[in-house]
Amino acid sequence: AESERLLAEARNDLKAAETRGPDGGIDEGMVILLQERLERTSSQTGFKMPRIDNGGGSLKMKGKQQGNKAAGKKSTRYQPTFRQLTSPSGLKVLVGRNRRDNEAICFQAARGDDVWMHARGCPGAHVLLQVRRGTPSPTDADLQFAADLAAFYSDARTERRAPVTTAEPKHILKPRGAPPGAVKLRKEGPTLLGRPEDVSDELKQAREESGGAWDETGYQKLGGRSRNKKRTEAVLKESQAKKRADKRQKRKRRQQAQGDEDEWA
């Protein structure tokens with residue numbers, strides 16, 4: 001073939017150039033001409049010329065230097081801030097704090113035998129029960145623990161029981177153009193029932209301190225909207241109390257006026 005002929009000629013010329021230079025050394029001019037010829041015929045031969053850095057180092061050395069430069073740069077990959085908890089059997093459970101965490105749980109942290117969970121039909125955190133080599137198989141208690149977390153960290157937190165969807169990581173897909181954290185499932189696993197009220201008091205306290213409270217009727221936010229609502233209710237109560245006071249005053253004045261009329265009659 002033509003490509004094989006060109007490469008064979010290049011090898012012969014290179015071998016000849018090794019002894020044609022001054023004092024029996026390399027003929028640099030011949031090497032340069034050979035390099036140019038190989039570059040011109042690279043589309044036929046598929047030959048790729050190794051790059052040489054300015055200091056005469058090889059491509060390998062240049063690659064190493066570039067690697068060192070890259071190591072000095074900050075990674076642009078998202079660094080998750082998962083909540084990390086431990087199931088009754090000692091398995092690690094990850095809970096997303098935001099959309100990017102949820103995305104990372106699905107496509108960075110999840111592995112083959114892990115169990116992914118999400119409260120069905122409402123916004124909420126993605127939860128991952130990690131099942132790795134050397135760890136015990138998840139028990140019913142482990143699955144229930146993770147399902148309770150999925151329900152607690154969702155809009156179903158006020159429910160006594162909430163359905164929780166499960167799936168294997170290999171069935172989690174990212175729809176084209178979807179925002180971070182939005183996924184679809186190719187195949188669902190068994191549906192579990194999460195019980196938000198069964199999570200630990202420590203988690204309830206943490207949510208209360210971050211702007212929420214838990215009572216017998218369920219979890220209630222005490223964030224900005226609730227604080228505004230509370231102020232609005234206080235103003236309304238004050239207004240109603242003032243109206244009642246005004247009515248009492250009017251009634252009292254009418255009674256006094258009626259008494260005066262009786263005296264003058």
# chains A, B, ... in the order shown; residues from 1 in each chain; ligands from 1
call {"tool": "residues_around", "arguments": {"residues": "A:Asn102", "least_positions_apart": "5", "cutoff": "6 Å", "atoms": "only C-alpha atoms", "output": "PyMOL selection string"}}
result
chain A and resi 96+126+181
call {"tool": "atom_distance", "arguments": {"atom1": "atom CA of A:Glu202", "atom2": "atom CA of A:Leu85"}}
result
11.7 Å
call {"tool": "residues_around", "arguments": {"residues": "A:Ala125", "least_positions_apart": "4", "cutoff": "8 Å", "atoms": "only C-alpha atoms", "output": "PyMOL selection string"}}
result
chain A and resi 95-98+102+118-119+150+153-154
call {"tool": "write_last_selection", "arguments": {"atoms": "N, CA, C and O atoms", "output": "JSON list (two decimals), in the first residue's frame"}}
result
[["chain", "number", "residue", "atom", "x", "y", "z"],
["A", 95, "VAL", "N", -28.32, 12.35, 51.97],
["A", 95, "VAL", "CA", -29.53, 13.13, 51.73],
["A", 95, "VAL", "C", -29.12, 14.45, 51.10],
["A", 95, "VAL", "O", -28.28, 15.18, 51.64],
["A", 96, "GLY", "N", -29.70, 14.77, 49.95],
["A", 96, "GLY", "CA", -29.36, 16.02, 49.27],
["A", 96, "GLY", "C", -29.91, 17.23, 49.99],
["A", 96, "GLY", "O", -31.02, 17.21, 50.50],
["A", 97, "ARG", "N", -29.12, 18.30, 50.01],
["A", 97, "ARG", "CA", -29.54, 19.55, 50.64],
["A", 97, "ARG", "C", -30.13, 20.54, 49.64],
["A", 97, "ARG", "O", -30.80, 21.49, 50.01],
["A", 98, "ASN", "N", -29.83, 20.34, 48.36],
["A", 98, "ASN", "CA", -30.30, 21.26, 47.33],
["A", 98, "ASN", "C", -30.34, 20.52, 45.99],
["A", 98, "ASN", "O", -30.04, 19.32, 45.92],
["A", 102, "ASN", "N", -28.83, 16.87, 44.87],
["A", 102, "ASN", "CA", -29.67, 15.80, 44.34],
["A", 102, "ASN", "C", -29.11, 15.25, 43.03],
["A", 102, "ASN", "O", -29.12, 14.05, 42.79],
["A", 118, "HIS", "N", -37.06, 8.68, 46.78],
["A", 118, "HIS", "CA", -37.62, 10.03, 46.68],
["A", 118, "HIS", "C", -39.10, 9.95, 47.01],
["A", 118, "HIS", "O", -39.79, 9.02, 46.59],
["A", 119, "ALA", "N", -39.59, 10.92, 47.78],
["A", 119, "ALA", "CA", -41.01, 10.97, 48.09],
["A", 119, "ALA", "C", -41.81, 11.08, 46.80],
["A", 119, "ALA", "O", -41.49, 11.89, 45.93],
["A", 150, "ALA", "N", -36.54, 10.25, 53.40],
["A", 150, "ALA", "CA", -37.05, 10.78, 52.13],
["A", 150, "ALA", "C", -38.37, 11.50, 52.33],
["A", 150, "ALA", "O", -38.64, 12.53, 51.71],
["A", 153, "TYR", "N", -37.68, 14.89, 54.56],
["A", 153, "TYR", "CA", -37.07, 15.98, 53.80],
["A", 153, "TYR", "C", -37.81, 16.18, 52.48],
["A", 153, "TYR", "O", -37.21, 16.20, 51.39],
["A", 154, "SER", "N", -39.11, 16.32, 52.56],
["A", 154, "SER", "CA", -39.94, 16.55, 51.38],
["A", 154, "SER", "C", -41.18, 17.34, 51.79],
["A", 154, "SER", "O", -41.40, 17.60, 52.98]]
call {"tool": "closest_residue", "arguments": {"among": "A:Ser239, A:Ser87, A:Gln108, A:Ser43", "to": "A:Ala141", "atoms": "only C-alpha atoms"}}
result
A:Ser87
call {"tool": "closest_residue", "arguments": {"among": "A:Val115, A:Ala109, A:Glu208, A:Glu103", "to": "A:Leu91", "atoms": "only C-alpha atoms"}}
result
A:Val115
call {"tool": "residues_around", "arguments": {"residues": "A:Thr191", "least_positions_apart": "4", "cutoff": "8 Å", "atoms": "only C-alpha atoms", "output": "short mmCIF file (atom, residue, chain, number, x, y, z; two decimals) with C-alpha atoms, in the first residue's frame"}}
result
data_model
loop_
_atom_site.label_atom_id
_atom_site.label_comp_id
_atom_site.auth_asym_id
_atom_site.auth_seq_id
_atom_site.Cartn_x
_atom_site.Cartn_y
_atom_site.Cartn_z
CA PRO A 163 -45.28 6.81 49.61
CA VAL A 164 -41.58 6.73 48.69
CA THR A 165 -40.34 5.65 45.27
CA THR A 166 -37.20 3.50 45.07
#
call {"tool": "select_by_dssp", "arguments": {"residues": "stretch 83-260 of chain A", "states": "strand (DSSP E or B)", "output": "ChimeraX atom specification"}}
result
/A:83-86,92-95,115-119,124,127-129,154,162-167,172-173,184-185,192-194,212-215,218-221
call {"tool": "residues_around", "arguments": {"residues": "stretch 145-148 of chain A", "least_positions_apart": "3", "cutoff": "8 Å", "atoms": "only C-alpha atoms", "output": "PyMOL selection string"}}
result
chain A and resi 87-88+93+117-118+127-129+141-142+151-152+164+192-199
call {"tool": "write_last_selection", "arguments": {"atoms": "N, CA, C and O atoms", "output": "compact mmCIF listing (two decimals), in the first residue's frame"}}
result
# COMPACT_ATOMS: atom_id res chain seq x y z
N SER A 87 -27.56 4.11 58.89
CA SER A 87 -28.74 3.27 59.08
C SER A 87 -28.54 2.32 60.26
O SER A 87 -27.42 2.19 60.78
N PRO A 88 -29.59 1.63 60.69
CA PRO A 88 -29.47 0.70 61.84
C PRO A 88 -28.39 -0.36 61.64
O PRO A 88 -27.76 -0.78 62.62
N VAL A 93 -26.12 6.68 54.59
CA VAL A 93 -27.28 7.23 53.88
C VAL A 93 -26.97 8.69 53.56
O VAL A 93 -26.62 9.47 54.44
N MET A 117 -33.96 6.81 46.63
CA MET A 117 -35.33 7.04 47.11
C MET A 117 -35.74 8.50 46.93
O MET A 117 -34.90 9.41 46.96
N HIS A 118 -37.06 8.68 46.78
CA HIS A 118 -37.62 10.03 46.68
C HIS A 118 -39.10 9.95 47.01
O HIS A 118 -39.79 9.02 46.59
N VAL A 127 -32.52 10.71 48.26
CA VAL A 127 -31.88 9.95 49.34
C VAL A 127 -31.22 8.72 48.73
O VAL A 127 -31.78 8.07 47.84
N LEU A 128 -30.01 8.42 49.20
CA LEU A 128 -29.27 7.26 48.67
C LEU A 128 -28.81 6.38 49.82
O LEU A 128 -28.05 6.83 50.69
N LEU A 129 -29.27 5.14 49.82
CA LEU A 129 -28.80 4.13 50.77
C LEU A 129 -27.65 3.40 50.10
O LEU A 129 -27.84 2.68 49.11
N ALA A 141 -35.21 -2.68 58.22
CA ALA A 141 -35.03 -1.50 59.09
C ALA A 141 -34.20 -0.43 58.37
O ALA A 141 -34.47 0.77 58.52
N ASP A 142 -33.19 -0.84 57.62
CA ASP A 142 -32.37 0.12 56.87
C ASP A 142 -33.21 0.83 55.80
O ASP A 142 -33.13 2.05 55.64
N ALA A 151 -39.21 10.97 53.21
CA ALA A 151 -40.50 11.61 53.49
C ALA A 151 -40.32 12.87 54.33
O ALA A 151 -40.97 13.89 54.10
N PHE A 152 -39.41 12.81 55.31
CA PHE A 152 -39.19 13.94 56.21
C PHE A 152 -38.62 15.14 55.47
O PHE A 152 -39.03 16.28 55.71
N VAL A 164 -42.95 6.40 49.10
CA VAL A 164 -41.58 6.73 48.69
C VAL A 164 -41.18 5.80 47.54
O VAL A 164 -41.25 4.58 47.67
N LEU A 192 -42.13 2.16 49.08
CA LEU A 192 -42.11 2.06 50.54
C LEU A 192 -43.00 3.14 51.13
O LEU A 192 -43.38 4.10 50.45
N LEU A 193 -43.34 2.99 52.40
CA LEU A 193 -44.11 4.01 53.12
C LEU A 193 -43.20 4.67 54.15
O LEU A 193 -42.75 4.03 55.10
N GLY A 194 -42.92 5.96 53.90
CA GLY A 194 -42.09 6.70 54.84
C GLY A 194 -42.93 7.30 55.95
O GLY A 194 -44.06 7.73 55.73
N ARG A 195 -42.38 7.32 57.14
CA ARG A 195 -43.06 7.90 58.30
C ARG A 195 -42.21 9.06 58.83
O ARG A 195 -41.27 8.84 59.60
N PRO A 196 -42.54 10.27 58.43
CA PRO A 196 -41.71 11.43 58.81
C PRO A 196 -41.55 11.60 60.31
O PRO A 196 -40.50 12.03 60.78
N GLU A 197 -42.60 11.26 61.07
CA GLU A 197 -42.53 11.46 62.52
C GLU A 197 -41.57 10.50 63.21
O GLU A 197 -41.22 10.69 64.38
N ASP A 198 -41.10 9.46 62.49
CA ASP A 198 -40.22 8.47 63.09
C ASP A 198 -38.74 8.83 63.00
O ASP A 198 -37.90 8.07 63.50
N VAL A 199 -38.41 9.94 62.35
CA VAL A 199 -37.00 10.33 62.31
C VAL A 199 -36.58 10.77 63.71
O VAL A 199 -37.41 11.05 64.58
call {"tool": "atom_distance", "arguments": {"atom1": "atom CA of A:Arg132", "atom2": "atom CA of A:Gly112"}}
result
8.3 Å
call {"tool": "atom_distance", "arguments": {"atom1": "atom CA of A:Lys187", "atom2": "atom CA of A:His171"}}
result
5.7 Å
call {"tool": "residues_around", "arguments": {"residues": "A:Leu6", "least_positions_apart": "4", "cutoff": "12 Å", "atoms": "only C-alpha atoms", "output": "JSON, numbers by chain"}}
result
{"A": [1, 2, 10, 11, 12, 13, 34, 37, 38, 39, 40, 41, 42, 43, 44, 45, 46, 47]}
call {"tool": "write_last_selection", "arguments": {"atoms": "all heavy atoms", "output": "CSV table (one decimal), in the first residue's frame"}}
result
chain,number,residue,atom,x,y,z
A,1,ALA,N,0.8,-1.2,0.0
A,1,ALA,CA,0.0,0.0,0.0
A,1,ALA,C,0.9,1.2,0.0
A,1,ALA,O,2.0,1.2,0.4
A,1,ALA,CB,-0.9,0.0,1.2
A,2,GLU,N,0.3,2.3,-0.5
A,2,GLU,CA,1.1,3.6,-0.6
A,2,GLU,C,1.5,4.1,0.8
A,2,GLU,O,2.7,4.5,1.0
A,2,GLU,CB,0.2,4.7,-1.2
A,2,GLU,CG,0.9,6.0,-1.4
A,2,GLU,CD,2.0,5.9,-2.4
A,2,GLU,OE1,2.2,4.9,-3.1
A,2,GLU,OE2,2.8,6.9,-2.5
A,10,ALA,N,10.5,6.6,5.0
A,10,ALA,CA,10.8,7.5,6.1
A,10,ALA,C,11.7,6.8,7.1
A,10,ALA,O,12.7,7.4,7.6
A,10,ALA,CB,9.5,7.9,6.8
A,11,ARG,N,11.5,5.5,7.4
A,11,ARG,CA,12.4,4.8,8.3
A,11,ARG,C,13.8,4.7,7.8
A,11,ARG,O,14.8,4.8,8.5
A,11,ARG,CB,11.8,3.4,8.6
A,11,ARG,CG,10.6,3.4,9.6
A,11,ARG,CD,10.3,2.0,10.0
A,11,ARG,NE,9.8,1.1,8.9
A,11,ARG,CZ,8.5,1.0,8.6
A,11,ARG,NH1,7.6,1.6,9.3
A,11,ARG,NH2,8.2,0.2,7.6
A,12,ASN,N,13.9,4.4,6.5
A,12,ASN,CA,15.2,4.3,5.8
A,12,ASN,C,16.0,5.6,5.9
A,12,ASN,O,17.2,5.7,6.2
A,12,ASN,CB,15.1,3.8,4.4
A,12,ASN,CG,14.6,2.3,4.4
A,12,ASN,OD1,14.8,1.5,5.3
A,12,ASN,ND2,13.9,2.0,3.2
A,13,ASP,N,15.2,6.7,5.6
A,13,ASP,CA,15.8,8.0,5.6
A,13,ASP,C,16.3,8.4,7.0
A,13,ASP,O,17.4,9.0,7.2
A,13,ASP,CB,14.9,9.0,5.0
A,13,ASP,CG,14.6,8.9,3.5
A,13,ASP,OD1,15.4,8.2,2.9
A,13,ASP,OD2,13.6,9.4,3.0
A,34,LEU,N,12.6,15.3,6.6
A,34,LEU,CA,11.8,14.1,6.8
A,34,LEU,C,10.6,14.4,7.6
A,34,LEU,O,9.5,13.9,7.4
A,34,LEU,CB,12.7,13.1,7.6
A,34,LEU,CG,12.0,11.8,8.0
A,34,LEU,CD1,11.5,11.1,6.7
A,34,LEU,CD2,13.0,10.9,8.7
A,37,ARG,N,8.0,16.0,5.4
A,37,ARG,CA,7.4,15.1,4.5
A,37,ARG,C,6.4,14.2,5.2
A,37,ARG,O,5.3,14.0,4.7
A,37,ARG,CB,8.5,14.2,3.9
A,37,ARG,CG,8.0,13.3,2.7
A,37,ARG,CD,9.1,12.6,2.1
A,37,ARG,NE,9.7,11.6,2.9
A,37,ARG,CZ,10.9,11.0,2.7
A,37,ARG,NH1,11.7,11.5,1.7
A,37,ARG,NH2,11.3,10.1,3.5
A,38,LEU,N,6.7,13.8,6.4
A,38,LEU,CA,5.7,13.0,7.2
A,38,LEU,C,4.5,13.8,7.5
A,38,LEU,O,3.4,13.3,7.5
A,38,LEU,CB,6.4,12.5,8.5
A,38,LEU,CG,7.4,11.4,8.3
A,38,LEU,CD1,8.2,11.1,9.6
A,38,LEU,CD2,6.7,10.1,7.8
A,39,GLU,N,4.7,15.1,7.8
A,39,GLU,CA,3.5,15.9,8.1
A,39,GLU,C,2.6,16.1,6.9
A,39,GLU,O,1.4,16.1,7.0
A,39,GLU,CB,4.0,17.3,8.6
A,39,GLU,CG,4.6,17.2,10.0
A,39,GLU,CD,5.1,18.6,10.5
A,39,GLU,OE1,5.2,19.5,9.6
A,39,GLU,OE2,5.4,18.7,11.7
A,40,ARG,N,3.2,16.2,5.7
A,40,ARG,CA,2.5,16.4,4.4
A,40,ARG,C,1.7,15.1,4.1
A,40,ARG,O,0.6,15.2,3.6
A,40,ARG,CB,3.4,16.8,3.3
A,40,ARG,CG,4.0,18.2,3.3
A,40,ARG,CD,4.5,18.5,1.9
A,40,ARG,NE,5.5,17.6,1.5
A,40,ARG,CZ,6.8,17.7,1.7
A,40,ARG,NH1,7.3,18.7,2.4
A,40,ARG,NH2,7.7,16.7,1.3
A,41,THR,N,2.3,14.0,4.4
A,41,THR,CA,1.6,12.7,4.1
A,41,THR,C,0.9,12.1,5.2
A,41,THR,O,0.5,10.9,5.1
A,41,THR,CB,2.7,11.7,3.5
A,41,THR,OG1,3.7,11.5,4.6
A,41,THR,CG2,3.4,12.3,2.3
A,42,SER,N,0.7,12.8,6.3
A,42,SER,CA,0.0,12.2,7.5
A,42,SER,C,-1.4,11.8,7.2
A,42,SER,O,-1.9,10.8,7.8
A,42,SER,CB,0.0,13.2,8.6
A,42,SER,OG,-0.7,14.4,8.3
A,43,SER,N,-2.1,12.4,6.3
A,43,SER,CA,-3.5,12.0,5.9
A,43,SER,C,-3.5,10.6,5.3
A,43,SER,O,-4.5,9.9,5.4
A,43,SER,CB,-4.1,13.0,5.0
A,43,SER,OG,-3.4,13.1,3.8
A,44,GLN,N,-2.4,10.3,4.6
A,44,GLN,CA,-2.3,8.9,4.0
A,44,GLN,C,-1.7,7.9,4.9
A,44,GLN,O,-2.2,6.7,5.0
A,44,GLN,CB,-1.4,9.0,2.8
A,44,GLN,CG,-1.9,9.9,1.7
A,44,GLN,CD,-0.9,10.1,0.6
A,44,GLN,OE1,0.0,10.9,0.6
A,44,GLN,NE2,-1.0,9.2,-0.4
A,45,THR,N,-0.8,8.3,5.8
A,45,THR,CA,-0.1,7.3,6.6
A,45,THR,C,-0.7,7.2,8.0
A,45,THR,O,-0.5,6.2,8.7
A,45,THR,CB,1.4,7.7,6.8
A,45,THR,OG1,1.5,8.9,7.4
A,45,THR,CG2,2.0,7.7,5.4
A,46,GLY,N,-1.4,8.3,8.4
A,46,GLY,CA,-2.0,8.3,9.8
A,46,GLY,C,-0.9,8.6,10.8
A,46,GLY,O,-1.1,8.4,12.0
A,47,PHE,N,0.3,9.0,10.4
A,47,PHE,CA,1.4,9.3,11.3
A,47,PHE,C,1.1,10.6,12.1
A,47,PHE,O,0.7,11.6,11.5
A,47,PHE,CB,2.7,9.4,10.5
A,47,PHE,CG,3.9,9.7,11.4
A,47,PHE,CD1,4.6,8.6,12.0
A,47,PHE,CD2,4.4,11.0,11.5
A,47,PHE,CE1,5.7,8.9,12.8
A,47,PHE,CE2,5.5,11.2,12.3
A,47,PHE,CZ,6.1,10.2,12.9
call {"tool": "closest_residue", "arguments": {"among": "A:Ala178, A:Val183, A:Leu236, A:Ile105", "to": "A:Gln84", "atoms": "only C-alpha atoms"}}
result
A:Ile105
call {"tool": "closest_residue", "arguments": {"among": "A:Glu168, A:Arg120, A:Gly134, A:Lys174", "to": "A:Ala104", "atoms": "only C-alpha atoms"}}
result
A:Lys174
